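S.K.: Sharing input_0.csv, CSV, C-alpha atoms:
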chain,number,residue,atom,x,y,z
A,27,MET,CA,5.9,2.0,-17.0
A,28,SER,CA,6.6,-1.6,-15.9
A,29,GLN,CA,3.6,-3.8,-15.7
A,30,GLY,CA,5.2,-6.4,-13.5
A,31,ASN,CA,7.0,-6.0,-10.2
A,32,PHE,CA,9.3,-3.0,-9.8
A,33,ILE,CA,12.9,-4.1,-9.2
A,34,LEU,CA,15.5,-1.6,-8.0
A,35,ARG,CA,19.1,-2.7,-8.3
A,36,GLU,CA,22.1,-1.4,-6.5
A,37,PRO,CA,23.6,1.0,-9.1
A,38,GLU,CA,20.3,2.9,-9.6
A,39,TYR,CA,19.5,2.8,-5.9
A,40,GLU,CA,22.9,4.3,-5.0
A,41,ALA,CA,22.5,6.9,-7.8
A,42,LEU,CA,19.1,7.9,-6.4
A,43,LEU,CA,20.6,8.3,-2.9
A,44,SER,CA,23.5,10.2,-4.2
A,45,ILE,CA,21.2,12.8,-5.9
A,46,LEU,CA,19.2,13.0,-2.6
A,47,ARG,CA,22.4,13.7,-0.6
A,48,LYS,CA,23.4,16.5,-2.9
A,49,LEU,CA,19.9,18.0,-2.9
A,50,LEU,CA,19.9,17.9,0.9
A,51,VAL,CA,23.1,20.1,1.0
A,52,ASP,CA,22.2,22.4,-1.9
A,53,ALA,CA,18.7,23.1,-0.5
A,54,SER,CA,19.9,23.4,3.2
A,55,ALA,CA,17.2,20.9,4.1
A,56,LYS,CA,16.9,18.6,7.0
A,57,VAL,CA,15.7,15.4,5.5
A,58,ALA,CA,14.9,14.1,2.0
A,59,PHE,CA,12.8,11.0,1.3
A,60,LEU,CA,12.0,9.2,-1.9
A,61,VAL,CA,8.7,7.4,-1.8
A,62,ASP,CA,6.9,5.2,-4.3
A,63,LYS,CA,3.4,6.5,-5.2
A,64,ASN,CA,2.0,3.2,-3.8
A,65,GLY,CA,3.3,4.3,-0.4
A,66,THR,CA,6.7,2.4,-0.1
A,67,LEU,CA,9.8,4.2,1.1
A,68,LEU,CA,12.7,3.9,-1.4
A,69,GLY,CA,15.3,5.7,0.6
A,70,SER,CA,16.0,8.7,2.9
A,71,VAL,CA,18.9,10.9,3.6
A,72,GLY,CA,19.6,13.4,6.4
A,73,ASP,CA,18.6,13.2,10.0
A,74,ALA,CA,15.6,10.8,9.7
A,75,VAL,CA,16.0,9.6,13.3
A,76,GLY,CA,12.8,10.4,15.2
A,77,PHE,CA,10.7,10.1,12.0
A,78,ASP,CA,8.4,7.2,11.4
A,79,THR,CA,9.6,6.8,7.8
A,80,THR,CA,7.2,4.0,7.0
A,81,SER,CA,4.1,6.0,8.1
A,82,LEU,CA,5.5,9.1,6.4
A,83,ALA,CA,5.8,7.3,3.1
A,84,SER,CA,2.3,5.9,3.3
A,85,LEU,CA,0.8,9.3,4.2
A,86,ALA,CA,2.8,11.2,1.6
A,87,ALA,CA,1.5,8.8,-1.1
A,88,GLY,CA,-2.1,9.2,0.3
A,89,ASN,CA,-1.6,13.0,0.2
A,90,ILE,CA,-0.5,13.0,-3.4
A,91,ALA,CA,-3.2,10.6,-4.4
A,92,ALA,CA,-5.9,12.7,-2.7
A,93,THR,CA,-4.7,15.9,-4.2
A,94,GLY,CA,-4.5,14.1,-7.6
A,95,GLY,CA,-8.2,13.2,-7.1
A,96,LEU,CA,-8.9,16.9,-6.5
A,97,ALA,CA,-7.0,17.8,-9.6
A,98,ASN,CA,-9.0,15.5,-11.7
A,99,LEU,CA,-12.2,17.1,-10.4
A,100,ILE,CA,-11.2,20.4,-11.9
A,101,GLY,CA,-9.8,18.9,-15.1
A,102,GLU,CA,-6.1,18.8,-14.2
A,103,LYS,CA,-4.0,15.6,-14.5
A,104,GLU,CA,-2.4,16.1,-11.1
A,105,PHE,CA,-1.0,18.7,-8.8
A,106,SER,CA,2.7,17.9,-9.1
A,107,ILE,CA,3.9,20.0,-6.1
A,108,LEU,CA,2.5,20.3,-2.6
A,109,PHE,CA,3.8,22.6,0.2
A,110,HIS,CA,2.9,22.3,3.9
A,111,GLU,CA,4.0,25.1,6.1
A,112,GLY,CA,4.6,24.5,9.8
A,113,GLU,CA,5.6,26.7,12.8
A,114,ARG,CA,9.1,25.3,12.8
A,115,ASP,CA,9.5,23.0,9.8
A,116,ASN,CA,8.0,22.8,6.4
A,117,MET,CA,7.4,20.0,3.9
A,118,HIS,CA,7.7,20.1,0.2
A,119,LEU,CA,6.3,17.2,-1.9
A,120,SER,CA,6.7,16.8,-5.6
A,121,VAL,CA,6.1,14.0,-8.1
A,122,VAL,CA,9.1,12.6,-9.9
A,123,ALA,CA,9.0,10.5,-13.1
A,124,GLU,CA,5.3,10.0,-12.7
A,125,ARG,CA,5.7,7.3,-10.0
A,126,LEU,CA,7.9,8.6,-7.2
A,127,ILE,CA,7.3,11.3,-4.6
A,128,LEU,CA,10.2,13.5,-3.4
A,129,VAL,CA,9.6,14.7,0.1
A,130,ILE,CA,11.8,17.5,1.5
A,131,VAL,CA,11.7,18.7,5.2
A,132,PHE,CA,13.3,22.0,5.8
A,133,GLY,CA,13.4,24.7,8.5
A,134,ARG,CA,14.4,28.3,8.8
A,135,ARG,CA,17.9,27.8,7.4
A,136,SER,CA,16.3,27.4,4.0
A,137,SER,CA,13.4,28.9,2.0
A,138,ILE,CA,10.6,27.7,-0.2
A,139,GLY,CA,12.2,29.4,-3.2
A,140,LEU,CA,15.6,27.7,-2.7
A,141,VAL,CA,13.9,24.3,-2.2
A,142,ARG,CA,11.8,24.6,-5.3
A,143,LEU,CA,14.9,25.6,-7.4
A,144,ARG,CA,17.0,22.7,-6.1
A,145,VAL,CA,14.1,20.2,-6.3
A,146,ARG,CA,13.6,21.1,-10.0
A,147,GLN,CA,17.3,20.5,-10.7
A,148,ALA,CA,17.3,17.2,-8.8
A,149,THR,CA,14.1,16.0,-10.4
A,150,ALA,CA,15.7,16.0,-13.8
A,151,ARG,CA,18.5,13.8,-12.5
A,152,LEU,CA,16.2,11.5,-10.6
A,153,THR,CA,14.0,11.1,-13.7
A,154,ALA,CA,17.0,10.0,-15.7
A,155,VAL,CA,18.0,7.4,-13.1
A,156,MET,CA,14.5,6.2,-12.9
A,157,ALA,CA,14.3,5.7,-16.7
A,158,THR,CA,17.3,3.4,-16.4
A,159,ALA,CA,15.9,1.6,-13.4
A,160,LEU,CA,12.5,1.0,-15.1
A,161,ALA,CA,14.1,-0.2,-18.3
A,162,ALA,CA,16.2,-2.7,-16.3
A,163,SER,CA,13.2,-3.7,-14.3
A,164,ASP,CA,11.2,-4.4,-17.5
A,165,GLU,CA,13.9,-6.7,-18.8
A,166,GLU,CA,13.9,-8.7,-15.5
A,167,PRO,CA,11.6,-11.7,-15.2
A,168,GLY,CA,10.3,-9.7,-12.3
A,169,GLY,CA,10.0,-12.3,-9.6
A,170,ILE,CA,12.0,-14.4,-7.2
A,171,GLU,CA,11.7,-17.6,-9.1
A,172,GLU,CA,13.4,-19.9,-6.6
A,173,LEU,CA,10.8,-19.1,-4.0
A,174,THR,CA,9.2,-22.4,-2.8
A,175,GLU,CA,6.1,-23.3,-0.9
A,176,ALA,CA,8.4,-24.2,2.1
A,177,ASP,CA,9.9,-20.7,2.0
A,178,ILE,CA,6.5,-19.1,2.1
A,179,GLU,CA,5.4,-21.4,5.0
A,180,SER,CA,8.6,-20.5,6.9
A,181,LEU,CA,7.3,-16.9,7.3
A,182,PHE,CA,4.5,-18.1,9.5
A,183,LYS,CA,6.4,-20.2,11.9
B,21,MET,CA,2.9,-4.3,-8.2
B,22,SER,CA,5.5,-5.5,-5.6
B,23,PHE,CA,8.6,-3.4,-5.1
B,24,ILE,CA,11.8,-5.4,-4.8
B,25,ASN,CA,14.9,-3.5,-3.7
B,26,TYR,CA,17.9,-5.7,-4.4
B,27,SER,CA,20.3,-3.3,-2.8
B,28,THR,CA,18.6,-3.3,0.6
B,29,ARG,CA,17.3,-6.9,0.1
B,30,GLU,CA,13.6,-5.9,0.7
B,31,ILE,CA,10.4,-7.0,-0.8
B,32,ASN,CA,7.4,-4.7,-0.3
B,33,CYS,CA,3.8,-5.8,-1.0
B,34,LYS,CA,0.5,-3.9,-0.6
B,35,ILE,CA,-2.6,-5.7,0.6
B,36,VAL,CA,-6.0,-4.0,0.7
B,37,TYR,CA,-8.9,-5.0,2.9
B,38,TYR,CA,-12.1,-4.2,0.9
B,39,GLY,CA,-15.8,-4.6,1.6
B,40,PRO,CA,-19.0,-3.0,2.7
B,41,GLY,CA,-19.3,-0.3,5.4
B,42,LEU,CA,-19.1,-1.6,9.0
B,43,GLY,CA,-18.1,-5.0,7.7
B,44,GLY,CA,-15.0,-5.3,10.0
B,45,LYS,CA,-12.1,-4.2,7.8
B,46,THR,CA,-10.6,-1.9,10.4
B,47,THR,CA,-11.4,-4.4,13.1
B,48,ASN,CA,-9.2,-7.0,11.3
B,49,LEU,CA,-6.3,-4.6,11.2
B,50,GLN,CA,-6.8,-3.6,14.9
B,51,PHE,CA,-6.7,-7.2,15.9
B,52,ILE,CA,-3.6,-7.9,13.9
B,53,TYR,CA,-2.0,-4.8,15.5
B,54,LYS,CA,-2.9,-5.9,19.0
B,55,ARG,CA,-1.6,-9.4,18.6
B,56,MET,CA,1.6,-8.9,16.5
B,57,ASN,CA,5.0,-8.8,18.2
B,58,PRO,CA,5.8,-5.0,18.5
B,59,GLU,CA,9.1,-5.7,16.6
B,60,SER,CA,7.2,-7.0,13.6
B,61,ARG,CA,4.6,-4.3,13.4
B,62,GLY,CA,4.8,-0.6,12.6
B,63,LYS,CA,2.5,2.1,13.8
B,64,MET,CA,-1.1,1.8,12.9
B,65,ILE,CA,-2.6,4.9,11.2
B,66,SER,CA,-6.3,5.4,11.1
B,67,LEU,CA,-7.7,8.3,9.1
B,68,ALA,CA,-11.2,8.2,10.5
B,69,THR,CA,-14.2,10.4,11.1
B,70,GLU,CA,-15.2,11.5,14.6
B,71,SER,CA,-17.5,8.5,14.8
B,72,GLU,CA,-14.4,6.3,14.0
B,73,ARG,CA,-15.6,5.3,10.6
B,74,THR,CA,-12.7,5.1,8.1
B,75,LEU,CA,-12.5,8.3,6.1
B,76,PHE,CA,-9.6,7.7,3.8
B,77,PHE,CA,-7.7,4.6,5.0
B,78,ASP,CA,-6.2,2.6,7.8
B,79,PHE,CA,-2.6,1.6,7.4
B,80,LEU,CA,-0.6,-1.1,9.2
B,81,PRO,CA,3.0,-2.0,8.1
B,82,LEU,CA,4.1,-5.6,9.0
B,83,SER,CA,7.6,-7.1,8.7
B,84,LEU,CA,7.4,-10.9,8.6
B,85,GLY,CA,11.0,-12.0,8.6
B,86,GLU,CA,13.2,-13.1,5.7
B,87,ILE,CA,12.6,-15.2,2.7
B,88,ARG,CA,15.6,-16.2,0.5
B,89,GLY,CA,17.6,-13.4,2.1
B,90,PHE,CA,14.9,-10.8,1.5
B,91,LYS,CA,13.2,-8.9,4.3
B,92,THR,CA,9.5,-9.1,3.7
B,93,ARG,CA,7.3,-6.1,4.4
B,94,PHE,CA,3.6,-6.1,4.0
B,95,HIS,CA,1.6,-2.9,3.9
B,96,LEU,CA,-2.0,-3.5,5.0
B,97,TYR,CA,-4.6,-0.9,4.0
B,98,THR,CA,-8.3,-0.7,4.5
B,99,VAL,CA,-10.7,1.3,2.3
B,100,PRO,CA,-13.7,3.3,3.5
B,101,GLY,CA,-16.7,1.0,3.0
B,102,GLN,CA,-19.5,3.6,2.6
B,103,VAL,CA,-20.7,3.8,-0.9
B,104,PHE,CA,-20.0,7.5,-1.3
B,105,TYR,CA,-16.3,7.2,-0.7
B,106,ASP,CA,-15.6,5.6,-4.1
B,107,ALA,CA,-12.9,8.1,-5.1
B,108,SER,CA,-10.9,7.2,-2.0
B,109,ARG,CA,-11.3,3.5,-2.6
B,110,ARG,CA,-9.9,3.8,-6.2
B,111,LEU,CA,-6.9,5.7,-5.0
B,112,ILE,CA,-6.0,3.1,-2.3
B,113,LEU,CA,-6.2,0.3,-4.8
B,114,ARG,CA,-3.3,1.8,-6.8
B,115,GLY,CA,-0.3,-0.6,-6.7
B,116,VAL,CA,-2.3,-3.3,-4.8
B,117,ASP,CA,-0.7,-6.8,-4.8
B,118,GLY,CA,-3.6,-8.7,-3.1
B,119,VAL,CA,-7.1,-8.1,-1.7
B,120,VAL,CA,-9.0,-9.4,1.3
B,121,PHE,CA,-12.7,-9.0,0.7
B,122,CYS,CA,-14.3,-8.7,4.1
B,123,ALA,CA,-17.9,-9.7,3.7
B,124,ASP,CA,-20.6,-9.1,6.4
B,125,SER,CA,-22.4,-12.4,7.0
B,126,GLN,CA,-25.6,-10.7,8.4
B,127,LEU,CA,-28.7,-11.4,6.3
B,128,THR,CA,-29.4,-7.7,6.2
B,129,ARG,CA,-26.1,-7.0,4.5
B,130,VAL,CA,-26.2,-9.5,1.7
B,131,ASP,CA,-27.0,-6.8,-0.9
B,132,ALA,CA,-24.3,-4.5,0.4
B,133,ASN,CA,-21.7,-7.3,0.0
B,134,GLU,CA,-22.7,-7.9,-3.6
B,135,GLU,CA,-22.6,-4.2,-4.4
B,136,SER,CA,-19.2,-3.9,-2.8
B,137,MET,CA,-17.8,-6.9,-4.7
B,138,GLU,CA,-19.1,-5.4,-8.0
B,139,ASN,CA,-17.5,-2.1,-7.0
B,140,LEU,CA,-14.2,-3.8,-6.3
B,141,ARG,CA,-14.2,-5.5,-9.7
B,142,ALA,CA,-15.0,-2.2,-11.4
B,143,ASN,CA,-12.4,-0.3,-9.5
B,144,LEU,CA,-9.7,-2.9,-10.2
B,145,ARG,CA,-10.5,-2.8,-13.9
B,146,GLU,CA,-10.3,1.0,-13.8
B,147,GLN,CA,-6.8,0.8,-12.3
B,148,GLY,CA,-5.7,-1.6,-15.1
B,149,TYR,CA,-6.0,-4.9,-13.1
B,150,ASP,CA,-7.7,-8.0,-14.3
B,151,PRO,CA,-10.2,-8.7,-11.4
B,152,ASP,CA,-10.2,-12.4,-12.3
B,153,ARG,CA,-6.4,-12.7,-11.7
B,154,LEU,CA,-5.5,-10.5,-8.8
B,155,PRO,CA,-4.7,-12.5,-5.6
B,156,LEU,CA,-8.0,-12.4,-3.6
B,157,VAL,CA,-9.2,-14.0,-0.4
B,158,ILE,CA,-12.8,-13.7,0.8
B,159,GLN,CA,-13.5,-13.5,4.6
B,160,TYR,CA,-17.0,-14.2,5.8
B,161,ASN,CA,-17.0,-12.0,8.9
B,162,LYS,CA,-19.4,-11.8,11.9
B,163,ARG,CA,-20.0,-15.6,12.0
B,164,ASP,CA,-20.6,-15.1,15.7
B,165,LEU,CA,-23.8,-13.1,15.2
B,166,PRO,CA,-27.4,-14.4,14.9
B,167,ARG,CA,-29.4,-14.1,11.6
B,168,ILE,CA,-26.5,-14.7,9.2
B,169,ALA,CA,-26.5,-16.1,5.7
B,170,SER,CA,-25.2,-19.7,5.2
B,171,LEU,CA,-21.7,-20.2,3.8
B,172,ALA,CA,-23.3,-21.8,0.7
B,173,GLU,CA,-25.4,-18.7,0.0
B,174,LEU,CA,-22.4,-16.4,0.5
B,175,HIS,CA,-20.2,-18.5,-1.7
B,176,ALA,CA,-22.8,-18.5,-4.5
B,177,LEU,CA,-23.1,-14.7,-4.3
B,178,LEU,CA,-19.6,-13.6,-3.8
B,179,ASN,CA,-17.1,-16.3,-4.8
B,180,ARG,CA,-17.6,-16.9,-8.5
B,181,ARG,CA,-13.8,-17.2,-8.9
B,182,ASN,CA,-13.6,-19.9,-6.3
B,183,VAL,CA,-10.8,-18.2,-4.3
B,184,PRO,CA,-9.8,-19.2,-0.7
B,185,GLU,CA,-12.7,-18.3,1.7
B,186,LEU,CA,-12.6,-18.2,5.4
B,187,GLU,CA,-15.0,-17.8,8.3
B,188,ALA,CA,-14.2,-15.1,10.8
B,189,SER,CA,-15.3,-13.1,13.8
B,190,ALA,CA,-12.9,-10.2,13.6
B,191,VAL,CA,-14.1,-8.8,17.0
B,192,MET,CA,-13.1,-12.0,18.7
B,193,GLY,CA,-10.1,-12.5,16.4
B,194,ALA,CA,-11.3,-15.8,15.0
B,195,GLY,CA,-10.1,-16.3,11.4
B,196,VAL,CA,-8.2,-13.0,11.3
B,197,PHE,CA,-4.6,-14.4,11.0
B,198,GLU,CA,-5.8,-17.3,8.9
B,199,THR,CA,-7.1,-14.7,6.4
B,200,LEU,CA,-3.9,-12.7,6.5
B,201,LYS,CA,-1.8,-15.8,6.0
B,202,ALA,CA,-4.0,-16.9,3.0
B,203,VAL,CA,-3.6,-13.6,1.2
B,204,ILE,CA,0.1,-13.3,1.9
B,205,LYS,CA,0.6,-16.8,0.4
B,206,MET,CA,-1.2,-15.9,-2.7
B,207,VAL,CA,0.7,-12.6,-3.1
B,208,LEU,CA,4.1,-14.4,-2.7
B,209,ILE,CA,3.1,-17.1,-5.2
B,210,ASP,CA,2.2,-14.3,-7.6
B,211,LEU,CA,5.5,-12.6,-6.9
B,212,LYS,CA,7.3,-15.8,-7.7
B,213,ARG,CA,5.6,-15.7,-11.1
B,214,GLY,CA,6.8,-12.1,-11.6
B,215,GLY,CA,3.6,-10.1,-11.4
B,216,ARG,CA,0.3,-10.9,-12.8
B,217,GLN,CA,-0.1,-8.5,-15.8
Do you think you could lay out the structure here as structure tokens?

M.R.:
Amino acid sequence: MSQGNFILREPEYEALLSILRKLLVDASAKVAFLVDKNGTLLGSVGDAVGFDTTSLASLAAGNIAATGGLANLIGEKEFSILFHEGERDNMHLSVVAERLILVIVFGRRSSIGLVRLRVRQATARLTAVMATALAASDEEPGGIEELTEADIESLFK
Amino acid sequence: MSFINYSTREINCKIVYYGPGLGGKTTNLQFIYKRMNPESRGKMISLATESERTLFFDFLPLSLGEIRGFKTRFHLYTVPGQVFYDASRRLILRGVDGVVFCADSQLTRVDANEESMENLRANLREQGYDPDRLPLVIQYNKRDLPRIASLAELHALLNRRNVPELEASAVMGAGVFETLKAVIKMVLIDLKRGGRQ
């Protein structure tokens, strides 16, 4: 895992979104989100209008972190899949490549079995893209070197 | 560990407000939320107990405009201050880019501050961070109250790294934005260097 900043470039970002789009169709889901374990949204596909995606990312990460804490208490490394069942919609969360969280929202048009199957298939592809992204990120100097004191000050004006 | 998305031209940084229970961490975020332009702030989430003490975390996303063509997004979190919520605190420190240590200036809370600072350092180490290098700002909160420790005393107890320190009264809003600005500056300077580890 990269020890500096995580830098995601366009080819890998587009590849991740493309996998999400296919997953959305294959799983007959409503929305798919990819979230960093630190709580940052990487991308979403589907009808995300009406969702507070920033909050969703933060709470999904909190949810995975908390259940990871529970897992440790019983001697497990982590619980890699979570499922929340609602009256109308359901949510499936799974850990991808140890550092991302894949969130799928689906309704009655789909089923937990189908979602699990499609997520498993997509996870292998997402993991491969993340390996490329992390390798590229490790080779980068990792920062924005041209950033000046004046740039930083300009944020507060 | 900041997350930079070159495709969407976004920089995301995580800032955690740490400190003893009832020291004013949530109050800092509430004041920022109230005073920020609604276009710059997201929804504030508080996962609190019925008595409004933070159970897991508070979360406030802020967008502060562009820098070198990158949109800057800062995710502010608080940790639960009470001693027994240590597991939650460790989880929230994951991926942190900068910390605000919110100290309670009241004389009766001197020990609690020291204990919390030690706890911060231990938890940072456990998450693989060097507690002597992570961007840190110390806020001496509750300066408006009677029976408070002097700045020199607090400095000697808590600020061995000699990091930026600010006086505040989060309830009144004094020093809140100055603290936020100080930590954001440190985080961005760190980002320029390409991460601290």

S.K.: May I ask which of the residues A:Val155, A:Asp78, A:Gly72, A:Arg47 is the closest one to chain B, counting all atoms listed in the file?

M.R.: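 Distance minimum relative to chain B lands on A:Asp78.
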
S.K.: Which residue out of A:Ser120, A:Gln147, A:Thr153, A:Asn64 has the minimum interatomic distance to chain B when all atoms listed in the file are used?

M.R.: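 Among the listed residues, A:Asn64 lies closest to chain B.
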
S.K.: May I ask you to extract the residues of chain A within 10 Å of chain B, using all atoms listed in the file, and to give them as a ChimeraX atom specification?

M.R.: /A:28-40,62-69,78,80-81,84-85,87-88,90-92,94-96,163,166-183

S.K.: Env of Leu49 (chain A): 7 Å cut, atoms = all atoms listed in the file, seq-sep filter 3 positions within chain, self excluded. Answer as a PDB file with C-alpha atoms, keeping the file's coordinate frame.

M.R.:
ATOM      1  CA  ILE A  45      21.200  12.800  -5.900  1.00  0.00           C
ATOM      2  CA  LEU A  46      19.200  13.000  -2.600  1.00  0.00           C
ATOM      3  CA  ASP A  52      22.200  22.400  -1.900  1.00  0.00           C
ATOM      4  CA  ALA A  53      18.700  23.100  -0.500  1.00  0.00           C
ATOM      5  CA  ARG A 144      17.000  22.700  -6.100  1.00  0.00           C
ATOM      6  CA  ALA A 148      17.300  17.200  -8.800  1.00  0.00           C
TER       7      ALA A 148
END

S.K.: To one decimal place, how far is CA of Asp78 (chain B) from CA of Thr98 (chain B) in Å?

M.R.: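 For CA of Asp78 (chain B) relative to CA of Thr98 (chain B), the distance reads 5.1 Å.
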
S.K.: Provide the CA of Gly118 (chain B) to CA of Pro151 (chain B) distance in Å, to one decimal place.

M.R.: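 Calculated distance between CA of Gly118 (chain B) and CA of Pro151 (chain B) is 10.6 Å.
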
S.K.: Which residues come within 10 Å of region 137-141 of chain B, counting only C-alpha atoms, excluding same-chain residues fewer than 4 positions away, as a ChimeraX atom specification?

M.R.: /B:38-40,103,106,109-110,113,119,121-123,131-133,145-146,149-152,177-179

S.K.: Can you patch up region 64-81 of chain B, filling it in to N, CA and C atoms, and show the result as a tab-separated table (two decimals), keeping the file's coordinate frame?

M.R.:
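And here is the file that came out, rebuild05.tsv:
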chain	number	residue	atom	x	y	z
B	64	MET	N	0.11	1.81	13.64
B	64	MET	CA	-1.10	1.80	12.90
B	64	MET	C	-1.69	3.17	12.73
B	65	ILE	N	-2.00	3.52	11.50
B	65	ILE	CA	-2.60	4.90	11.20
B	65	ILE	C	-4.00	4.70	10.83
B	66	SER	N	-4.89	5.43	11.47
B	66	SER	CA	-6.30	5.40	11.10
B	66	SER	C	-6.73	6.83	10.74
B	67	LEU	N	-7.12	7.04	9.50
B	67	LEU	CA	-7.70	8.30	9.10
B	67	LEU	C	-9.18	8.16	9.14
B	68	ALA	N	-9.77	8.50	10.28
B	68	ALA	CA	-11.20	8.20	10.50
B	68	ALA	C	-11.98	9.44	10.82
B	69	THR	N	-13.30	9.33	10.70
B	69	THR	CA	-14.20	10.40	11.10
B	69	THR	C	-14.32	10.43	12.60
B	70	GLU	N	-15.01	11.43	13.13
B	70	GLU	CA	-15.20	11.50	14.60
B	70	GLU	C	-15.92	10.28	15.14
B	71	SER	N	-16.76	9.69	14.30
B	71	SER	CA	-17.50	8.50	14.80
B	71	SER	C	-16.69	7.22	14.48
B	72	GLU	N	-15.38	7.41	14.22
B	72	GLU	CA	-14.40	6.30	14.00
B	72	GLU	C	-14.73	5.44	12.82
B	73	ARG	N	-15.43	6.00	11.83
B	73	ARG	CA	-15.60	5.30	10.60
B	73	ARG	C	-14.45	5.72	9.66
B	74	THR	N	-13.91	4.76	8.90
B	74	THR	CA	-12.70	5.10	8.10
B	74	THR	C	-13.06	6.14	7.04
B	75	LEU	N	-12.30	7.22	7.06
B	75	LEU	CA	-12.50	8.30	6.10
B	75	LEU	C	-11.72	8.15	4.87
B	76	PHE	N	-10.45	7.81	5.02
B	76	PHE	CA	-9.60	7.70	3.80
B	76	PHE	C	-8.99	6.25	3.83
B	77	PHE	N	-8.21	5.93	4.84
B	77	PHE	CA	-7.70	4.60	5.00
B	77	PHE	C	-7.17	4.29	6.35
B	78	ASP	N	-6.99	3.02	6.68
B	78	ASP	CA	-6.20	2.60	7.80
B	78	ASP	C	-4.94	1.98	7.22
B	79	PHE	N	-3.84	2.08	7.94
B	79	PHE	CA	-2.60	1.60	7.40
B	79	PHE	C	-1.84	0.85	8.51
B	80	LEU	N	-1.37	-0.35	8.23
B	80	LEU	CA	-0.60	-1.10	9.20
B	80	LEU	C	0.58	-1.79	8.48
B	81	PRO	N	1.82	-1.36	8.74
B	81	PRO	CA	3.00	-2.00	8.10
B	81	PRO	C	3.40	-3.25	8.98
